[in-house]
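Undergrad: Let me begin by handing over the structure; questions about it come next.
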Amino acid sequence: MAMAASPGPAGVGGAGAMPGSGPSSFGFDSGLEIKTRSVEQTLLPLVSQITTLINHKDNTKKSDKTLQAIQRVGQAVNLAVGRFVKVGEAIANENWDLKEEITIACIEAKQAGETIAALTDVSTPHHPESGGQITIFTDKTGVIKAARLLLSSVTKVLLLADRVVIKQIITSRNKVLATMERLEKVNSFQEFVQIFSQFGNEMVEFAHLTGDRQNDLKDEKKKAKMAAARAVLEKCTMMLLTASKTCLRHPNCESAHKNKEGVFDRMKVALDKVIEIVTDCKPNGETDVAAVSIFTGIKEFKMNIEALRENLYFQSKENLSATLEAVLERTEDFTDSAYTSHEHRERILDLSAHARAELQQLASVWMQAQSKRTKSIAEELELSILKISHGLNELKKELHSTATQLAADLLKYHADHVVLKALKLTGVEGNLEGLAEYACKFSEQREQLVETCRLLRHVSGTEPLEITCVHAEETFQVTGQQIISAAETLTLHPSSKIAKENLDVFCEAWESQISDMSTLLREINDVFEGRRGEKYGYLSLPKPMKNNANLKSLKPEKSDSEEKAKIAKLGLKLGLLTSDANCEIEKWENQENEIVRYGRNMSRMAYSLYLFTRGEGPLKTSQDLINQLEVFAEEGLKVASSAQAFSKQLKDDDKLMLLLEINKLTPLCHQLQTITKTPVQNQGLLKVDKCITKTRSMMAILVQLLSLCFKLLKKLQMENNRWVSVTNKDSVDGKT
């Protein structure tokens, strides 16, 4: 599985910091995840291609070319199943408690793959000739049964492998906790350095495992929670280093110990949160009791009143009234806040009172409608529903304006971090009176930010953004307290370099969170104004690729059936080429060879493009597709560059042969880059068509290039071995 970029904004450096992007490199198990994902991606589209083929009408005549394509699909499925089974068996051998279940599922998958290969073989009696033409299948039922068995067995293996991954994460977490306990009790610098080195390695392993898991999560809410927990662990790793060193340097300083304990406590909470997400259960059977935000409450209430159009007895008047009161009660977070302006407070109270009055009017008409089914009553009910909906929309606007205006003013006021700088200065000067003054001002600033995050959560508009608001609120609360304790330690020991370094680390984390809050505010505004869809990158998740400015006008398109069929056909051919490329890649002994690595990246991206043509996968819009193609073209140029470097080791004839293939790939990469950067007006579908056609051509050349490089590499190795053998023989003869 591909490792996600570290969550959160720019990560803190130092030993044990959470890593950036790149595949996990911690032993056999992590490699199994990569292989399982790769083979799964190869296998499932091929099965769907078989489904497409068998859905043709029985009386349709097919040419030899079509039958060869059918046979090719069947063989590709069987090869992919073979690779999948090998990975499954490897997982089974490493996990004896699941070995029997995985082995049975692998046997079923292998049988299904062989059956599909046999039934799609044009040379078998299953494809009799009729009138000079060969029909597609006479044993369609057999293929369907085999495909179902294959999907069932593959699903079993993947679910069992998922249990293995969960076990890996729990084991990794336990190792981190055990090492943290040793770090808490350490008494010497030398011992601390040794243990922290081990801790750093364990944290990196945990980061890779949880990053893979984060990528796999389909639930956006869980994904945001995982990202927030990983962001805490990333930042706290560096804090733990400096806080622990400060404690060791000043063992009798109470504020230093308080500062260190705060870091350890927060890391333990974050580690527990990761396990909750992974196992989908809370300790001691607890339940999530987080209060519903105002925007979510209004959304649910509006759905309830709109349901009255279809069913007048949907629910009772009391329940509807209680739902509204629960929503309006939460607006007290705004009206009771000392930071809400008088104008905003009065407006919120007026709109709340108006909503109550409109509900009373709705209830009156509602009761009449239950007894009198007349047109005029129905129209009056509709008008009442529209009025209360409009009133609640106005309330949402006012709440949004209140929270976002407060946040914007705060960010602007604290942009220069005056209080933070003053705290640092008082610490270096050893000024205890100045510390007390600025610690009080900083605490007030912290409370402002904490309360603002609480208000922003009410108007965030999506669950992932709600989680990000909660994460920001907790970060300001905890980091603020730790900054004060770190400043106190420095003030008591003004000449201590490690105490100053420790305060700097916490101040950097604070400034980073302020920057995050600015981005959060922008995202909340985007959602409220409808500029962003349901799915997009969140603060603590890897950021999406930069997009070319001229693609702003490109929106998801709906094509007619003819255009859809054309793109689907292109996608089907692309899927087959992806399978061919994977087969070529599997031949290489050295999977870390640059040509192989870049080729594998291209194959994975081509698979995503194939899914896009079927309306599936991670790419949702044409804009997503263009982003992916820009990277695809770059990877193609990397393949060409690596192959060019390899050609320098070859003799003239072989070198010329390889350069001819490279010269076919490089222009296509540049052409694809040109297409992706060319602005289009209402011709998004045409651009998609061109891009996929160009991608298919590049994949066809990639398959040839991989095959040629593999053969030339083998030839080169044989020649080198022969030269070594002759040299050794000459040496022996000389001695004789």
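Chain lettering (A, B, ...) mirrors the order of the structure tokens, residue numbering begins at 1 for each chain separately, and ligand numbering begins at 1 in order of display.
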Show which residues sit within 9 Å of range 503-519 of chain A, as a ChimeraX atom specification. Count only C-alpha atoms, and ignore same-chain residues fewer than 6 positions away.

TA: /A:8-10,12,235,238-239,242-243,407-408,411,414-415,417,420-421,424,453,469,472,475-476,479-480,482-487,489-490,539-540

Undergrad: Taking the DSSP assignment computed from this structure's backbone, write out as JSON, numbers by chain all residues of range 268-327 of chain A that belong to helix (DSSP H, G or I).

TA: {"A": [268, 269, 270, 271, 272, 273, 274, 275, 276, 277, 278, 279, 283, 284, 285, 294, 295, 296, 297, 298, 299, 300, 301, 302, 303, 304, 305, 306, 307, 308, 309, 317, 318, 319, 320, 321, 322, 323, 324, 325, 326, 327]}

Undergrad: Using only C-alpha atoms, find the one residue out of A:Leu455, A:Ala90, A:Ile467, A:Ile595 that sits nearest to Ala403 in chain A.

TA: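 Result for the nearest residue to Ala403 in chain A: A:Leu455.
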
Undergrad: To one decimal place in Å, what is the distance between CA of Glu394 in chain A and CA of Leu410 in chain A?

TA: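 Going from CA of Glu394 in chain A over to CA of Leu410 in chain A covers 24.4 Å.
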
Undergrad: Nearest to Val186 in chain A: which of A:Ser244, A:Asn174, A:Gln671, A:Gln168 is it, counting only C-alpha atoms?

TA: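 Checking each candidate against Val186 in chain A, we get A:Ser244 as the closest.
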
Undergrad: Measuring between only C-alpha atoms, which one of A:Met203, A:Ile298, A:Leu650, A:Ala357 shows the shortest distance to Lys715 in chain A?

TA: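 So, comparing all the options, the nearest one is A:Leu650.
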
Undergrad: I'd like the neighbourhood of Glu594 in chain A as a list of chain:residue names, where a residue qualifies if any of its atoms comes within 9 Å (using only C-alpha atoms), though same-chain residues fewer than 4 positions away should be ignored.

TA: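 Contacts, in chain order: A:Tyr598, A:Gly599, A:Lys638, A:Val639, A:Ser642, A:Ala643.
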
Undergrad: So, with only C-alpha atoms as the atoms that count, which of A:Arg148, A:Arg309, A:Arg614, A:Arg345 lies closest to Leu383 in chain A?

TA: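 Of the candidates, the smallest distance to Leu383 in chain A is held by A:Arg309.
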
Undergrad: Skipping near chain neighbours, those fewer than 4 positions away, what residues fall within 9 Å of Ala109 in chain A using only C-alpha atoms, listed as a list in words?

TA: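 The neighbour list is Val81, Gly82, Phe84, Val85, Ile104, Ala105, Gly113, Glu114, Ala146, Leu149, Leu150, Leu151, Ser152, Ser153 and Val154 of chain A.
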